[in-house]
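final10.cif follows (mmCIF, C-alpha atoms):
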data_entry
loop_
_atom_site.label_atom_id
_atom_site.label_comp_id
_atom_site.auth_asym_id
_atom_site.auth_seq_id
_atom_site.Cartn_x
_atom_site.Cartn_y
_atom_site.Cartn_z
CA MET A 6 103.55 115.74 60.12
CA SER A 7 103.94 112.46 58.35
CA THR A 8 104.15 110.15 61.35
CA ARG A 9 102.67 109.85 64.80
CA SER A 10 106.17 110.11 66.33
CA GLU A 11 106.73 113.47 64.59
CA SER A 12 103.40 114.67 65.95
CA ALA A 13 104.30 113.55 69.46
CA ARG A 14 107.63 115.37 69.32
CA GLU A 15 105.84 118.55 68.31
CA GLY A 16 103.34 118.19 71.16
CA VAL A 17 100.56 117.45 68.69
CA GLU A 18 98.32 114.39 68.83
CA LYS A 19 96.94 113.02 65.58
CA VAL A 20 93.70 111.04 65.72
CA PRO A 21 92.52 109.54 62.42
CA VAL A 22 88.83 109.17 61.61
CA GLU A 23 88.64 106.13 59.32
CA LEU A 24 85.81 106.54 56.82
CA GLY A 25 87.24 105.30 53.55
CA ASP A 26 87.49 108.11 51.00
CA ARG A 27 86.02 110.51 53.58
CA SER A 28 88.73 109.83 56.16
CA TYR A 29 90.43 112.77 57.87
CA ASP A 30 92.68 113.62 60.78
CA ILE A 31 92.02 115.42 64.04
CA LEU A 32 95.12 117.33 65.13
CA ILE A 33 95.27 118.27 68.81
CA GLY A 34 97.79 120.63 70.36
CA GLU A 35 98.73 124.22 71.09
CA GLY A 36 99.36 126.78 68.37
CA LEU A 37 97.57 125.04 65.52
CA ILE A 38 95.64 128.13 64.39
CA GLY A 39 98.97 129.86 63.80
CA ARG A 40 99.98 126.95 61.57
CA ALA A 41 96.65 126.72 59.76
CA GLY A 42 98.04 127.87 56.41
CA GLU A 43 100.58 125.07 56.12
CA LEU A 44 98.14 122.48 57.45
CA ILE A 45 95.16 123.50 55.33
CA GLY A 46 97.05 124.43 52.16
CA PRO A 47 97.49 120.86 50.83
CA LEU A 48 93.72 120.28 51.06
CA LEU A 49 92.72 123.30 48.98
CA ALA A 50 91.64 122.87 45.37
CA ARG A 51 92.66 126.52 44.93
CA PRO A 52 94.37 128.87 47.39
CA ARG A 53 91.24 130.51 48.77
CA ALA A 54 89.18 129.92 51.89
CA LEU A 55 85.94 131.29 53.31
CA ILE A 56 85.98 131.66 57.10
CA VAL A 57 82.80 131.55 59.18
CA THR A 58 83.05 132.66 62.82
CA ASP A 59 81.13 134.62 65.43
CA SER A 60 81.87 138.07 66.79
CA ASN A 61 83.26 136.81 70.11
CA VAL A 62 85.70 134.41 68.48
CA ALA A 63 86.60 136.91 65.75
CA ASP A 64 87.91 139.38 68.31
CA VAL A 65 90.39 136.85 69.72
CA HIS A 66 91.29 134.24 67.12
CA LEU A 67 90.39 135.52 63.65
CA PRO A 68 93.50 137.75 63.28
CA VAL A 69 95.76 134.77 64.02
CA LEU A 70 94.00 132.61 61.42
CA GLU A 71 94.02 135.38 58.82
CA ARG A 72 97.74 135.95 59.36
CA ALA A 73 98.46 132.21 59.03
CA LEU A 74 96.53 131.99 55.77
CA ALA A 75 98.18 135.12 54.37
CA GLU A 76 101.63 133.75 55.19
CA SER A 77 100.81 130.69 53.08
CA GLU A 78 99.46 132.91 50.27
CA ILE A 79 95.90 131.69 50.77
CA ALA A 80 93.29 134.31 49.94
CA PHE A 81 90.30 134.49 52.26
CA ASP A 82 87.03 136.16 53.12
CA ALA A 83 85.67 136.20 56.66
CA PHE A 84 81.98 136.14 57.57
CA VAL A 85 81.09 137.03 61.15
CA VAL A 86 77.74 136.07 62.64
CA PRO A 87 76.25 136.79 66.08
CA PRO A 88 77.29 134.46 68.93
CA GLY A 89 74.94 132.10 70.72
CA GLU A 90 72.60 129.18 70.13
CA HIS A 91 69.98 131.43 68.53
CA THR A 92 72.28 131.80 65.51
CA LYS A 93 71.62 128.14 64.67
CA ASP A 94 68.37 128.75 62.79
CA PHE A 95 67.00 129.07 59.26
CA SER A 96 67.22 132.85 59.33
CA HIS A 97 70.95 132.92 59.99
CA LEU A 98 71.55 129.97 57.65
CA GLU A 99 69.89 131.96 54.87
CA GLN A 100 71.87 135.10 55.69
CA LEU A 101 75.13 133.17 55.75
CA SER A 102 74.31 131.33 52.52
CA GLN A 103 73.55 134.60 50.74
CA ARG A 104 76.85 136.10 51.85
CA LEU A 105 78.83 133.04 50.81
CA LEU A 106 77.21 132.96 47.39
CA GLN A 107 77.84 136.68 46.95
CA ALA A 108 81.51 135.94 47.65
CA SER A 109 81.61 133.70 44.56
CA LEU A 110 81.40 130.42 46.41
CA ASP A 111 81.87 127.45 44.09
CA ARG A 112 82.31 123.70 44.41
CA ARG A 113 86.08 124.05 44.73
CA SER A 114 85.73 126.43 47.66
CA MET A 115 86.75 125.50 51.20
CA LEU A 116 84.76 126.70 54.20
CA ILE A 117 86.53 127.06 57.56
CA ALA A 118 84.39 126.90 60.71
CA LEU A 119 86.25 128.86 63.40
CA GLY A 120 84.46 128.72 66.73
CA GLY A 121 82.44 126.57 69.08
CA GLY A 122 79.69 124.09 68.42
CA VAL A 123 77.20 126.64 67.10
CA ILE A 124 79.60 127.81 64.38
CA GLY A 125 80.65 124.25 63.56
CA ASP A 126 77.04 123.20 63.15
CA LEU A 127 75.92 126.26 61.20
CA ALA A 128 78.92 126.47 58.87
CA GLY A 129 79.04 122.69 58.48
CA PHE A 130 75.38 122.54 57.49
CA ALA A 131 75.90 125.40 55.02
CA ALA A 132 78.81 123.43 53.54
CA ALA A 133 76.62 120.33 53.32
CA VAL A 134 73.79 121.97 51.39
CA LEU A 135 75.28 124.83 49.37
CA LEU A 136 75.94 123.73 45.78
CA ARG A 137 74.97 120.23 46.99
CA GLY A 138 78.02 120.05 49.19
CA ILE A 139 81.45 121.67 49.48
CA ASP A 140 84.48 120.88 51.62
CA PHE A 141 84.93 122.39 55.05
CA ILE A 142 87.39 122.36 57.93
CA GLN A 143 86.63 122.52 61.63
CA ILE A 144 88.74 124.72 63.91
CA PRO A 145 86.93 124.29 67.25
CA THR A 146 87.75 126.88 69.90
CA THR A 147 85.82 125.47 72.89
CA LEU A 148 86.43 122.33 74.91
CA LEU A 149 82.93 121.10 74.11
CA ALA A 150 83.51 121.46 70.37
CA GLN A 151 86.98 119.93 70.52
CA VAL A 152 85.88 116.76 72.28
CA ASP A 153 82.53 116.34 70.58
CA SER A 154 80.70 118.51 68.06
CA SER A 155 83.60 119.14 65.64
CA VAL A 156 84.16 115.41 65.14
CA GLY A 157 81.95 113.00 63.24
CA GLY A 158 80.23 115.12 60.62
CA LYS A 159 76.96 115.96 62.36
CA THR A 160 75.79 119.39 61.21
CA ALA A 161 72.43 120.95 62.00
CA ILE A 162 70.29 123.91 62.95
CA ASP A 163 67.62 124.13 65.62
CA MET A 164 63.84 124.38 65.30
CA PRO A 165 61.31 125.65 67.84
CA GLN A 166 60.39 122.00 68.45
CA GLY A 167 63.92 121.00 69.41
CA LYS A 168 67.66 121.07 68.86
CA ASN A 169 69.40 119.90 65.70
CA LEU A 170 66.21 118.76 63.99
CA VAL A 171 67.26 119.94 60.51
CA GLY A 172 70.70 118.84 59.44
CA ALA A 173 72.96 116.52 57.51
CA PHE A 174 75.93 114.23 57.97
CA HIS A 175 78.84 116.00 56.26
CA GLN A 176 82.37 115.09 57.30
CA PRO A 177 85.07 117.77 57.51
CA ARG A 178 88.36 117.41 55.65
CA LEU A 179 90.39 118.20 58.77
CA VAL A 180 89.88 119.17 62.41
CA LEU A 181 92.41 121.50 64.08
CA ALA A 182 91.83 121.44 67.83
CA ASP A 183 94.10 124.21 69.08
CA THR A 184 94.03 123.63 72.82
CA ALA A 185 95.61 127.04 73.49
CA THR A 186 92.24 128.60 72.64
CA LEU A 187 90.75 127.11 75.81
CA ALA A 188 92.73 129.56 77.94
CA THR A 189 90.57 132.36 76.54
CA LEU A 190 87.32 130.76 77.72
CA PRO A 191 85.46 131.64 80.92
CA ARG A 192 85.63 128.86 83.49
CA ARG A 193 81.91 128.19 83.07
CA GLN A 194 82.47 127.40 79.38
CA ARG A 195 85.36 125.07 80.19
CA LEU A 196 83.16 123.28 82.72
CA ALA A 197 80.41 122.92 80.13
CA GLY A 198 82.93 121.28 77.80
CA TYR A 199 84.09 119.03 80.61
CA ALA A 200 80.61 117.50 80.76
CA GLU A 201 80.97 116.25 77.18
CA THR A 202 84.49 115.03 78.05
CA VAL A 203 83.45 112.91 81.03
CA LYS A 204 80.62 111.52 78.89
CA TYR A 205 83.13 109.29 77.07
CA GLY A 206 84.21 107.71 80.33
CA LEU A 207 80.62 107.17 81.44
CA LEU A 208 79.44 105.60 78.20
CA GLY A 209 82.31 103.26 77.40
CA ASP A 210 85.65 103.82 79.14
CA LEU A 211 85.82 103.18 82.87
CA GLU A 212 89.60 103.70 82.88
CA PHE A 213 89.16 107.20 81.43
CA PHE A 214 86.55 107.98 84.08
CA HIS A 215 89.06 106.85 86.76
CA TRP A 216 91.64 109.20 85.23
CA LEU A 217 89.19 112.10 85.18
CA GLU A 218 88.30 111.57 88.84
CA THR A 219 91.96 112.37 89.57
CA HIS A 220 92.80 114.81 86.78
CA GLY A 221 89.47 116.46 85.94
CA THR A 222 90.30 119.61 87.86
CA ALA A 223 93.60 119.94 85.95
CA VAL A 224 91.67 119.73 82.68
CA VAL A 225 89.26 122.50 83.70
CA GLU A 226 92.00 124.68 85.20
CA GLY A 227 94.04 124.62 81.98
CA ASP A 228 96.90 122.16 82.48
CA ALA A 229 98.20 121.73 78.92
CA ALA A 230 99.19 118.05 79.18
CA ALA A 231 95.94 117.09 80.92
CA ILE A 232 93.86 118.93 78.33
CA ARG A 233 95.69 117.32 75.42
CA HIS A 234 95.26 113.85 76.93
CA ALA A 235 91.57 114.40 77.66
CA VAL A 236 90.78 115.82 74.22
CA ALA A 237 92.76 113.10 72.43
CA THR A 238 91.13 110.32 74.47
CA ALA A 239 87.65 111.68 73.81
CA CYS A 240 88.37 112.13 70.10
CA ARG A 241 89.77 108.60 69.76
CA ALA A 242 86.64 107.21 71.40
CA LYS A 243 84.33 109.20 69.16
CA ALA A 244 86.37 108.48 66.02
CA ALA A 245 86.15 104.74 66.68
CA ILE A 246 82.38 104.90 67.15
CA VAL A 247 81.86 107.08 64.08
CA ALA A 248 83.98 104.73 61.96
CA ARG A 249 81.68 101.85 62.93
CA ASP A 250 78.37 103.77 62.70
CA GLU A 251 78.74 106.99 60.74
CA THR A 252 75.05 107.89 60.39
CA GLU A 253 73.80 106.78 63.81
CA HIS A 254 71.86 103.63 63.02
CA GLY A 255 73.17 101.86 66.12
CA GLU A 256 76.18 102.36 68.38
CA ARG A 257 76.65 106.06 67.65
CA ALA A 258 73.45 106.79 69.55
CA LEU A 259 75.44 106.12 72.75
CA LEU A 260 77.08 109.52 72.24
CA ASN A 261 73.72 111.03 73.21
CA LEU A 262 74.09 109.95 76.84
CA GLY A 263 72.34 112.65 78.91
CA HIS A 264 71.10 114.51 75.86
CA THR A 265 67.45 113.44 75.94
CA PHE A 266 67.03 115.01 79.37
CA GLY A 267 69.39 117.86 78.52
CA HIS A 268 67.72 118.89 75.27
CA ALA A 269 64.30 118.94 76.96
CA LEU A 270 65.63 121.38 79.55
CA GLU A 271 67.24 123.55 76.90
CA ILE A 272 63.98 123.75 74.98
CA GLU A 273 62.07 124.66 78.14
CA LEU A 274 64.54 127.46 78.88
CA GLY A 275 64.52 128.74 75.31
CA TYR A 276 68.16 127.86 74.57
CA SER A 277 69.16 130.71 76.87
CA GLU A 278 72.43 131.39 78.68
CA GLU A 279 70.60 130.35 81.84
CA LEU A 280 71.64 126.77 81.06
CA LEU A 281 74.55 126.02 78.74
CA HIS A 282 74.43 122.89 76.60
CA GLY A 283 77.19 121.17 78.56
CA GLU A 284 75.47 122.01 81.85
CA ALA A 285 72.25 120.49 80.51
CA VAL A 286 74.16 117.36 79.49
CA ALA A 287 75.79 117.11 82.92
CA LEU A 288 72.40 117.15 84.63
CA GLY A 289 71.04 114.84 81.92
CA MET A 290 73.77 112.26 82.49
CA THR A 291 73.14 112.32 86.22
CA LEU A 292 69.42 111.75 85.56
CA ALA A 293 70.19 108.99 83.03
CA PHE A 294 72.18 107.07 85.66
CA GLU A 295 69.47 107.69 88.27
CA LEU A 296 66.85 106.41 85.84
CA SER A 297 69.03 103.36 85.21
CA ALA A 298 69.18 102.73 88.96
CA GLN A 299 65.43 103.30 89.33
CA LEU A 300 64.77 100.71 86.62
CA GLY A 301 67.09 98.21 88.30
CA VAL A 302 69.63 97.95 85.48
CA CYS A 303 72.38 99.83 87.35
CA ALA A 304 73.54 99.75 90.96
CA ALA A 305 72.63 102.83 92.99
CA ALA A 306 76.29 103.10 94.02
CA GLU A 307 77.27 103.68 90.38
CA SER A 308 74.68 106.42 90.02
CA ASP A 309 75.84 108.02 93.27
CA ARG A 310 79.46 107.97 92.07
CA VAL A 311 78.50 109.76 88.85
CA ARG A 312 76.58 112.41 90.79
CA ARG A 313 79.50 112.93 93.20
CA HIS A 314 82.05 113.49 90.46
CA ILE A 315 79.93 115.74 88.28
CA GLY A 316 78.88 117.75 91.33
CA ALA A 317 82.43 117.97 92.66
CA MET A 318 83.51 119.50 89.36
CA GLY A 319 80.93 122.26 89.83
CA LEU A 320 78.38 121.10 87.28
CA PRO A 321 74.64 120.72 87.95
CA THR A 322 73.46 117.31 89.14
CA GLY A 323 69.91 118.17 90.17
CA PHE A 324 67.15 120.70 89.71
CA ALA A 325 68.22 122.38 92.93
CA ASP A 326 71.31 123.55 91.01
CA LEU A 327 69.15 125.49 88.56
CA GLY A 328 68.36 128.33 90.91
CA GLY A 329 65.08 126.94 92.21
CA ARG A 330 63.52 126.73 88.76
CA VAL A 331 60.33 124.66 88.77
CA PHE A 332 59.56 122.48 85.75
CA ASP A 333 56.52 120.45 84.77
CA PRO A 334 57.59 116.79 84.42
CA ALA A 335 54.86 116.03 81.87
CA ARG A 336 55.92 119.00 79.76
CA LEU A 337 59.55 117.88 79.80
CA VAL A 338 58.50 114.40 78.70
CA SER A 339 56.48 115.92 75.86
CA HIS A 340 59.67 117.61 74.64
CA MET A 341 61.46 114.27 74.82
CA ARG A 342 58.85 112.66 72.59
CA ARG A 343 59.86 115.11 69.84
CA ASP A 344 63.56 114.40 70.31
CA LYS A 345 65.17 113.21 67.08
CA LYS A 346 66.00 109.87 68.73
CA ALA A 347 62.35 109.18 69.56
CA GLU A 348 60.70 106.49 67.46
CA ALA A 349 56.98 106.89 66.67
CA GLY A 350 56.59 108.89 69.88
CA GLN A 351 58.31 106.19 71.96
CA LEU A 352 60.97 107.56 74.28
CA VAL A 353 64.52 106.42 73.56
CA PHE A 354 67.14 106.82 76.28
CA ILE A 355 70.80 106.03 76.71
CA LEU A 356 70.98 104.14 80.01
CA ALA A 357 73.84 102.36 81.74
CA ARG A 358 74.46 99.02 83.43
CA ALA A 359 77.52 100.55 85.11
CA ILE A 360 80.00 103.35 84.55
CA GLY A 361 81.51 102.62 81.14
CA GLU A 362 78.64 100.34 80.06
CA ALA A 363 75.97 102.41 78.33
CA PHE A 364 73.25 100.99 76.09
CA VAL A 365 70.26 102.17 74.05
CA ALA A 366 66.89 101.59 75.73
CA ARG A 367 63.75 101.76 73.59
CA ASP A 368 61.29 100.43 76.17
CA VAL A 369 61.32 103.11 78.87
CA GLU A 370 57.82 104.02 79.99
CA ALA A 371 56.95 107.71 80.20
CA ALA A 372 55.52 107.11 83.68
CA GLU A 373 58.96 106.02 84.92
CA VAL A 374 60.55 109.17 83.53
CA GLU A 375 57.87 111.39 85.04
CA ARG A 376 58.34 109.67 88.40
CA LEU A 377 62.08 110.31 88.33
CA LEU A 378 61.58 113.94 87.34
CA THR A 379 58.89 114.46 89.99
CA GLU A 380 61.13 113.05 92.72
CA SER A 381 64.12 115.08 91.50
CA LEU A 382 62.09 118.26 91.36
CA ALA A 383 60.78 117.64 94.88
CA GLU A 384 64.33 118.19 96.13
CA THR A 385 64.05 121.84 95.06
CA LEU A 386 60.88 122.53 97.04
CA PRO A 387 60.88 123.69 100.66
CA PRO A 388 59.48 121.26 103.24
CA ALA A 389 55.73 121.52 103.81
CA GLY A 390 54.97 124.00 106.58
CA SER A 391 58.41 125.56 106.58
CA LEU A 392 58.84 129.33 106.70
CA ALA A 393 60.45 129.20 103.27
CA GLY A 394 57.21 127.86 101.87
CA LEU A 395 55.01 130.60 103.34
#
Could you quickly redo this structure as structure tokens?
Amino acid sequence: MSTRSESAREGVEKVPVELGDRSYDILIGEGLIGRAGELIGPLLARPRALIVTDSNVADVHLPVLERALAESEIAFDAFVVPPGEHTKDFSHLEQLSQRLLQASLDRRSMLIALGGGVIGDLAGFAAAVLLRGIDFIQIPTTLLAQVDSSVGGKTAIDMPQGKNLVGAFHQPRLVLADTATLATLPRRQRLAGYAETVKYGLLGDLEFFHWLETHGTAVVEGDAAAIRHAVATACRAKAAIVARDETEHGERALLNLGHTFGHALEIELGYSEELLHGEAVALGMTLAFELSAQLGVCAAAESDRVRRHIGAMGLPTGFADLGGRVFDPARLVSHMRRDKKAEAGQLVFILARAIGEAFVARDVEAAEVERLLTESLAETLPPAGSLAGL
């Protein structure tokens, strides 16, 4: 695919990530895993690849990738790890590293991360640190990974103190976002990915948010054209930000809209399936706009509009949507103080002046956050004296 017009005719969008000698393309369209051999082949120093995936993804997509590589005469080994956020830890990193080294990994090797955000992070971090860095390719198979985690070179594992606290910036050589894989996802997973999609409208693209208000349901329900447009728009937005601020010293922090709240909730729930990452971000973005309104930097009508859309899509917008779970506001704030964006214990939030106008706030008082959380949590409690409270 040498030109954008050729890509368009094939139903494939090409989004470049401009980073000098580390530049690469994001290809977006259906059937890309089946073409992986021809697309990856030119990037290989030798015709061999090492695939990292999880057992859920392996059952559905690994045979297609293996067949595509074999057809292009690319030798491969596949390493399958358990699914889920708990795989993103030192124990599984060590196990994966041992297996890769036993497979004669060398500096000319190419790692392929086939899966969602957990696999992209784990395999990407392994690629960043093994032999002081080898090339890798992202083949994201979830909506969340396609619009966000596979792009921009952030790789990391989790610690008990928080998410993604040990990691490295390590850009992939190519991203193949095969949108056909999204049809294999449960609706809840597609919704979780939608949260990261709408994030791009909320932080810097009001026109995209308008479009999602009309077409968001089509994206979640699997309309091919709507999905391709949404993924491509999100990737273009992230690629532009990454090109200007690769290692998050400024503007790139905006991509964390909703994540300070969201990560605190994930920590509190032990990274369990009770609350998926995208669901945590959806609630976090709603809270970020409500905090913006509480602080007087954003109109309440803007915050209400965000809550309406996220809620209408079926994502959580308040603690009442978490099955009546009761949280301690002070404890959540203590998690936020250990967030990787925090500076000397000072809370750092992404707030908004309006939909599409996010900014980094380094002067938010913990008391304001606790007040917001206390008021939000109060919505989950039965009225005093009611039968439900007896």
Please provide as number ranges by chain all residues within 6 Å of region 159-165 of chain A, with the sequence filter that same-chain residues fewer than 6 positions apart are discarded (counting only C-alpha atoms). A: 93-94, 126, 129-130, 171-174
Among listed residues A:Val225, A:Leu116, A:Val62, A:Ala372, nearest Thr146 (chain A) (using all atoms listed in the file):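 For Thr146 (chain A), the nearest of the given residues is A:Val62.
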Written as a VMD selection string, which residues does the PyMOL selection byres ((chain A and resi 224) around 10) give for the file shown? chain A and resid 148 195 to 196 199 202 217 220 to 223 225 to 236
Can you pull out the residues contacting Leu101 (chain A)? Cut-off 12 Å, using only C-alpha atoms, and skip same-chain residues under 6 positions away; I want them as a PyMOL selection string. chain A and resi 55-59+83-87+92-95+107-108+110+116+124+127-132+135
Starting from the shown file, work through the PyMOL selection byres ((chain A and resi 279) around 12) and note down what comes out as an NGL selection string. :A and (90 or 193 or 270-278 or 280-285 or 326-328 or 330)
Among listed residues A:Gly36, A:Pro145, A:Gly158, A:Pro177, nearest Met115 (chain A) (using all atoms listed in the file): A:Pro177
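Here the PyMOL selection byres ((chain A and resi 302) around 9) captures the residues Leu296, Ser297, Ala298, Gln299, Leu300, Gly301, Cys303, Ala304, Leu356, Ala357, Arg358 and Ala359 of chain A.
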So, with only C-alpha atoms as the atoms that count, which of A:Lys168, A:Gly263, A:Leu352, A:Ala383 lies closest to Ala371 (chain A)?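 Comparing A:Lys168, A:Gly263, A:Leu352, A:Ala383 against Ala371 (chain A), the winner is A:Leu352.
The two atoms in question, CA of His215 (chain A) and CA of Phe324 (chain A), are spaced 26.1 Å apart.
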